[in-house]
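**Student:** Shown below is the structure under consideration.
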Amino acid sequence: MVEIRWHSRAGQGAVTGAKGLGDVISTTGKQVQAFALYGSAKRGASMTAYNRIDDTQIINHAKFMHPDYVFVIDPALAYSDNITEHATEDTKYIITTHLSKEELIQEIPELKGKEDKVFVLDCFQISLDTIGRAIPNTPMLGAFVKVSGMFELDFFKDRMQKVLSKFPERIINANMQAIDRAFHEVN
């Protein structure tokens, strides 16, 4: 089973991102869960979202997991949330930040020794440049496609276009640009 934990603030698209990822994965024949936990649900409040992916039926509905991937959409949460909670030696971290990987690890002692498991990119800047709004969930998914190797980029973009089909074509195209750019910029 693959488990993913998203660290975000309400309004940044983590729930939508988790559900979009779930929709894409469901087309592959795998079982998937996408859910979120948050307090008052006010815009800007810290919250977490989750995905589980497996070849067989998923009967675990607990929020507690040993994540294979931790997505940190809001850069400040890398400092204030316990992003390494219940992590394993193999957990990979994809963190949105304007800092280099080395600078980020220097500032977050919990990530020291995990250099080969930490991946960074500026999801906010990518979303501003492509979508025109600071909604960093789509760039995070593009980075995940690259880091996980779970999907071919073209396959993922094709499936995400179907997920986003209710939106105008310009929004779909902007999201595809965000996915593509994040895929190529994550390091």
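Identifiers in the structure tokens: chain A, B, ... in order shown; residue index from 1 per chain; ligand index from 1 in order shown.
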Among the residues of chain A, find those DSSP assigns to helix (DSSP H, G or I) from the backbone and print them as a ChimeraX atom specification.

**Tutor:** /A:14-26,77-80,101-107,109-111,115-117,123-130,137-148,153-163,169-185

**Student:** Could you state the separation of atom CA of Leu104 of chain A and atom CA of Ser80 of chain A in Å, given to one decimal place?

**Tutor:**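 These atoms are spaced 13.5 Å apart.
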
**Student:** Which neighbours of segment 85-94 of chain A fall inside 7 Å, counting only C-alpha atoms, when residues of the same chain fewer than 5 positions from it are skipped, and could you give them as a list in words?

**Tutor:**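 Here the qualifying residues turn out to be Met65, His66, Pro67, Asp68, Tyr69, Val70, Phe71, Val72, Lys117, Val118, Phe119 and Val120 of chain A.
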
**Student:** Calculated over only C-alpha atoms, which of the candidates A:Ile25, A:Ile73, A:Ala10, A:Ile83 has the smallest distance to Leu111 of chain A?

**Tutor:**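 Using only C-alpha atoms, Leu111 of chain A sits closest to A:Ile83.
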
**Student:** Segment 49-145 of chain A near segment 162-172 of chain A within 10 Å: what's each residue's closest atom pair and its distance in Å to one decimal, counting only C-alpha atoms, ordered by chain then ascending residue number, as CSV?

**Tutor:**
```
residue,atom,partner,partner_atom,distance
A:Thr130,CA,A:Ile171,CA,9.3
A:Ile131,CA,A:Ile171,CA,6.9
A:Gly132,CA,A:Ile171,CA,9.5
```

**Student:** Write out the residues from the selection above, keeping N, CA and C atoms, as a PDB file, in the first residue's frame.

**Tutor:**
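What ended up in out25.pdb:
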```pdb
ATOM      1  N   THR A 130       1.471  29.969 -14.140  1.00  0.00           N
ATOM      2  CA  THR A 130       0.705  29.194 -15.121  1.00  0.00           C
ATOM      3  C   THR A 130      -0.802  29.359 -14.976  1.00  0.00           C
ATOM      4  N   ILE A 131      -1.289  29.271 -13.757  1.00  0.00           N
ATOM      5  CA  ILE A 131      -2.741  29.315 -13.508  1.00  0.00           C
ATOM      6  C   ILE A 131      -3.210  30.738 -13.217  1.00  0.00           C
ATOM      7  N   GLY A 132      -2.290  31.550 -12.695  1.00  0.00           N
ATOM      8  CA  GLY A 132      -2.642  32.930 -12.376  1.00  0.00           C
ATOM      9  C   GLY A 132      -3.135  33.109 -10.954  1.00  0.00           C
TER      10      GLY A 132
END
```

**Student:** Determine, counting only C-alpha atoms, which protein, DNA and RNA residues have an atom within 10 Å of an atom of segment 179-187 of chain A; residues of the same chain fewer than 3 positions away are not included. Present the result as an mmCIF file with N, CA, C and O atoms, in the first residue's frame.

**Tutor:**
```cif
data_model
loop_
_atom_site.group_PDB
_atom_site.id
_atom_site.type_symbol
_atom_site.label_atom_id
_atom_site.label_comp_id
_atom_site.auth_asym_id
_atom_site.auth_seq_id
_atom_site.Cartn_x
_atom_site.Cartn_y
_atom_site.Cartn_z
ATOM 1 N N ILE A 94 8.062 15.963 -0.523
ATOM 2 C CA ILE A 94 8.020 16.949 -1.599
ATOM 3 C C ILE A 94 7.517 18.236 -0.958
ATOM 4 O O ILE A 94 6.380 18.307 -0.476
ATOM 5 N N ILE A 95 8.376 19.244 -0.949
ATOM 6 C CA ILE A 95 8.102 20.465 -0.182
ATOM 7 C C ILE A 95 8.158 21.672 -1.097
ATOM 8 O O ILE A 95 9.127 21.867 -1.825
ATOM 9 N N THR A 96 7.109 22.489 -1.030
ATOM 10 C CA THR A 96 7.135 23.733 -1.793
ATOM 11 C C THR A 96 7.901 24.779 -0.989
ATOM 12 O O THR A 96 7.646 24.993 0.194
ATOM 13 N N SER A 100 16.694 26.414 -1.681
ATOM 14 C CA SER A 100 17.295 25.212 -2.259
ATOM 15 C C SER A 100 17.100 24.067 -1.265
ATOM 16 O O SER A 100 16.821 24.297 -0.076
ATOM 17 N N LYS A 101 17.278 22.862 -1.730
ATOM 18 C CA LYS A 101 17.159 21.700 -0.844
ATOM 19 C C LYS A 101 18.136 21.813 0.325
ATOM 20 O O LYS A 101 17.771 21.562 1.474
ATOM 21 N N ASP A 116 18.519 12.519 0.275
ATOM 22 C CA ASP A 116 18.106 11.845 -0.956
ATOM 23 C C ASP A 116 16.609 11.555 -0.994
ATOM 24 O O ASP A 116 16.093 11.071 -1.989
ATOM 25 N N VAL A 118 14.373 14.114 0.077
ATOM 26 C CA VAL A 118 13.742 15.440 0.097
ATOM 27 C C VAL A 118 13.801 16.031 -1.311
ATOM 28 O O VAL A 118 14.856 16.064 -1.938
ATOM 29 N N PHE A 119 12.637 16.506 -1.774
ATOM 30 C CA PHE A 119 12.520 17.108 -3.098
ATOM 31 C C PHE A 119 11.842 18.463 -2.926
ATOM 32 O O PHE A 119 10.882 18.589 -2.172
ATOM 33 N N VAL A 120 12.346 19.471 -3.620
ATOM 34 C CA VAL A 120 11.805 20.819 -3.458
ATOM 35 C C VAL A 120 11.462 21.432 -4.812
ATOM 36 O O VAL A 120 12.042 21.088 -5.843
ATOM 37 N N LEU A 121 10.499 22.337 -4.765
ATOM 38 C CA LEU A 121 10.128 23.176 -5.895
ATOM 39 C C LEU A 121 9.228 24.277 -5.345
ATOM 40 O O LEU A 121 8.720 24.165 -4.229
ATOM 41 N N ASP A 122 9.034 25.324 -6.119
ATOM 42 C CA ASP A 122 8.199 26.438 -5.668
ATOM 43 C C ASP A 122 6.824 26.320 -6.326
ATOM 44 O O ASP A 122 6.560 26.908 -7.380
ATOM 45 N N CYS A 123 5.953 25.545 -5.689
ATOM 46 C CA CYS A 123 4.606 25.313 -6.236
ATOM 47 C C CYS A 123 3.803 26.605 -6.336
ATOM 48 O O CYS A 123 2.975 26.752 -7.235
ATOM 49 N N ILE A 126 5.035 28.488 -9.476
ATOM 50 C CA ILE A 126 4.577 27.770 -10.666
ATOM 51 C C ILE A 126 3.096 28.011 -10.900
ATOM 52 O O ILE A 126 2.673 28.292 -12.025
ATOM 53 N N SER A 127 2.288 27.923 -9.848
ATOM 54 C CA SER A 127 0.845 28.127 -10.028
ATOM 55 C C SER A 127 0.526 29.576 -10.382
ATOM 56 O O SER A 127 -0.367 29.838 -11.194
ATOM 57 N N THR A 130 1.471 29.969 -14.140
ATOM 58 C CA THR A 130 0.705 29.194 -15.121
ATOM 59 C C THR A 130 -0.802 29.359 -14.976
ATOM 60 O O THR A 130 -1.500 29.578 -15.959
ATOM 61 N N ASN A 137 -1.760 22.987 -5.568
ATOM 62 C CA ASN A 137 -2.009 21.549 -5.582
ATOM 63 C C ASN A 137 -1.603 20.878 -6.897
ATOM 64 O O ASN A 137 -1.025 19.790 -6.901
ATOM 65 N N THR A 138 -1.891 21.497 -8.015
ATOM 66 C CA THR A 138 -1.566 20.885 -9.304
ATOM 67 C C THR A 138 -0.054 20.773 -9.510
ATOM 68 O O THR A 138 0.420 19.711 -9.925
ATOM 69 N N PRO A 139 0.726 21.805 -9.208
ATOM 70 C CA PRO A 139 2.169 21.616 -9.310
ATOM 71 C C PRO A 139 2.684 20.489 -8.397
ATOM 72 O O PRO A 139 3.590 19.744 -8.775
ATOM 73 N N MET A 140 2.097 20.356 -7.217
ATOM 74 C CA MET A 140 2.512 19.280 -6.308
ATOM 75 C C MET A 140 2.283 17.920 -6.960
ATOM 76 O O MET A 140 3.108 17.004 -6.843
ATOM 77 N N LEU A 141 1.170 17.780 -7.683
ATOM 78 C CA LEU A 141 0.893 16.515 -8.370
ATOM 79 C C LEU A 141 1.906 16.262 -9.483
ATOM 80 O O LEU A 141 2.337 15.125 -9.690
ATOM 81 N N GLY A 142 2.295 17.301 -10.195
ATOM 82 C CA GLY A 142 3.323 17.145 -11.223
ATOM 83 C C GLY A 142 4.636 16.678 -10.630
ATOM 84 O O GLY A 142 5.320 15.803 -11.185
ATOM 85 N N ALA A 143 4.991 17.228 -9.475
ATOM 86 C CA ALA A 143 6.221 16.802 -8.794
ATOM 87 C C ALA A 143 6.096 15.348 -8.342
ATOM 88 O O ALA A 143 7.052 14.571 -8.463
ATOM 89 N N PHE A 144 4.928 14.978 -7.854
ATOM 90 C CA PHE A 144 4.706 13.592 -7.419
ATOM 91 C C PHE A 144 4.880 12.602 -8.575
ATOM 92 O O PHE A 144 5.477 11.540 -8.403
ATOM 93 N N VAL A 145 4.367 12.961 -9.734
ATOM 94 C CA VAL A 145 4.511 12.089 -10.900
ATOM 95 C C VAL A 145 5.991 11.822 -11.159
ATOM 96 O O VAL A 145 6.403 10.684 -11.400
ATOM 97 N N LYS A 146 6.815 12.854 -11.071
ATOM 98 C CA LYS A 146 8.262 12.710 -11.314
ATOM 99 C C LYS A 146 8.938 11.902 -10.214
ATOM 100 O O LYS A 146 9.675 10.954 -10.487
ATOM 101 N N VAL A 147 8.677 12.256 -8.957
ATOM 102 C CA VAL A 147 9.370 11.638 -7.823
ATOM 103 C C VAL A 147 8.961 10.176 -7.661
ATOM 104 O O VAL A 147 9.804 9.316 -7.401
ATOM 105 N N LEU A 153 4.251 10.868 -17.544
ATOM 106 C CA LEU A 153 3.731 12.229 -17.495
ATOM 107 C C LEU A 153 2.532 12.410 -18.430
ATOM 108 O O LEU A 153 1.513 12.970 -18.024
ATOM 109 N N ASP A 154 2.627 11.944 -19.664
ATOM 110 C CA ASP A 154 1.531 12.121 -20.614
ATOM 111 C C ASP A 154 0.272 11.389 -20.174
ATOM 112 O O ASP A 154 -0.836 11.905 -20.322
ATOM 113 N N PHE A 156 -0.612 10.745 -17.042
ATOM 114 C CA PHE A 156 -1.181 11.481 -15.917
ATOM 115 C C PHE A 156 -1.898 12.739 -16.390
ATOM 116 O O PHE A 156 -3.016 13.030 -15.952
ATOM 117 N N LYS A 157 -1.261 13.481 -17.291
ATOM 118 C CA LYS A 157 -1.891 14.707 -17.792
ATOM 119 C C LYS A 157 -3.194 14.398 -18.528
ATOM 120 O O LYS A 157 -4.183 15.118 -18.376
ATOM 121 N N MET A 160 -5.764 13.689 -15.885
ATOM 122 C CA MET A 160 -6.124 14.911 -15.155
ATOM 123 C C MET A 160 -6.985 15.830 -16.005
ATOM 124 O O MET A 160 -7.855 16.520 -15.477
ATOM 125 N N ASN A 173 -5.821 23.911 -19.554
ATOM 126 C CA ASN A 173 -4.501 24.097 -20.168
ATOM 127 C C ASN A 173 -3.490 24.675 -19.181
ATOM 128 O O ASN A 173 -2.328 24.257 -19.155
ATOM 129 N N ALA A 174 -3.932 25.617 -18.364
ATOM 130 C CA ALA A 174 -3.038 26.215 -17.364
ATOM 131 C C ALA A 174 -2.592 25.162 -16.351
ATOM 132 O O ALA A 174 -1.414 25.123 -15.959
ATOM 133 N N ASN A 175 -3.505 24.289 -15.938
ATOM 134 C CA ASN A 175 -3.154 23.225 -14.998
ATOM 135 C C ASN A 175 -2.205 22.217 -15.627
ATOM 136 O O ASN A 175 -1.301 21.699 -14.963
ATOM 137 N N MET A 176 -2.377 21.944 -16.904
ATOM 138 C CA MET A 176 -1.463 21.024 -17.592
ATOM 139 C C MET A 176 -0.065 21.632 -17.669
ATOM 140 O O MET A 176 0.937 20.935 -17.496
#
```

**Student:** Let me make sure I understand: among A:Ser46, A:Thr28, A:Gln12, A:Asn60, which one has the smallest atom-to-atom distance to Ala78 of chain A if we use only C-alpha atoms?

**Tutor:**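 When distances to Ala78 of chain A are compared using only C-alpha atoms, the smallest one comes from A:Ser46.
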
**Student:** Quick check for you: according to DSSP on this backbone, which residues of chain A are classed as strand (DSSP E or B)? Reply as an MDAnalysis selection string.

**Tutor:** chainID A and resid 2:9 31:38 46:54 69:72 92:96 118:121

**Student:** Under the rule that only C-alpha atoms are counted, which of A:Ala76, A:Ile108, A:Ile59, A:Ala178 is the nearest residue to Gly44 of chain A?

**Tutor:**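 Going through A:Ala76, A:Ile108, A:Ile59, A:Ala178 one by one, the smallest distance to Gly44 of chain A is for A:Ala76.
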
**Student:** With only C-alpha atoms as the atoms that count, which of A:Gln33, A:Gln106, A:Ser8, A:Thr48 lies nearest to Leu21 of chain A?

**Tutor:**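 Using only C-alpha atoms, Leu21 of chain A sits closest to A:Gln33.
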
**Student:** Neighbouring residues of Arg159 of chain A were defined as those with any atom within 9 Å, considering only C-alpha atoms; residues of the same chain fewer than 6 positions away were excluded. Please report them as a count of residues only.

**Tutor:** 4

**Student:** Which is closer to Leu128 of chain A than all the others in A:Gly11, A:Gln177, A:Val32, A:Glu115, using only C-alpha atoms?

**Tutor:**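 Comparing A:Gly11, A:Gln177, A:Val32, A:Glu115 against Leu128 of chain A, the winner is A:Gln177.
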
**Student:** Can you pull out every residue within 8 Å of Leu37 of chain A, counting only C-alpha atoms, but drop anything in the same chain fewer than 2 positions away, and send it as a list in words?

**Tutor:**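 Using only C-alpha atoms, the neighbours found are Phe35, Gly39, Met47, Thr48 and Ala49 of chain A.
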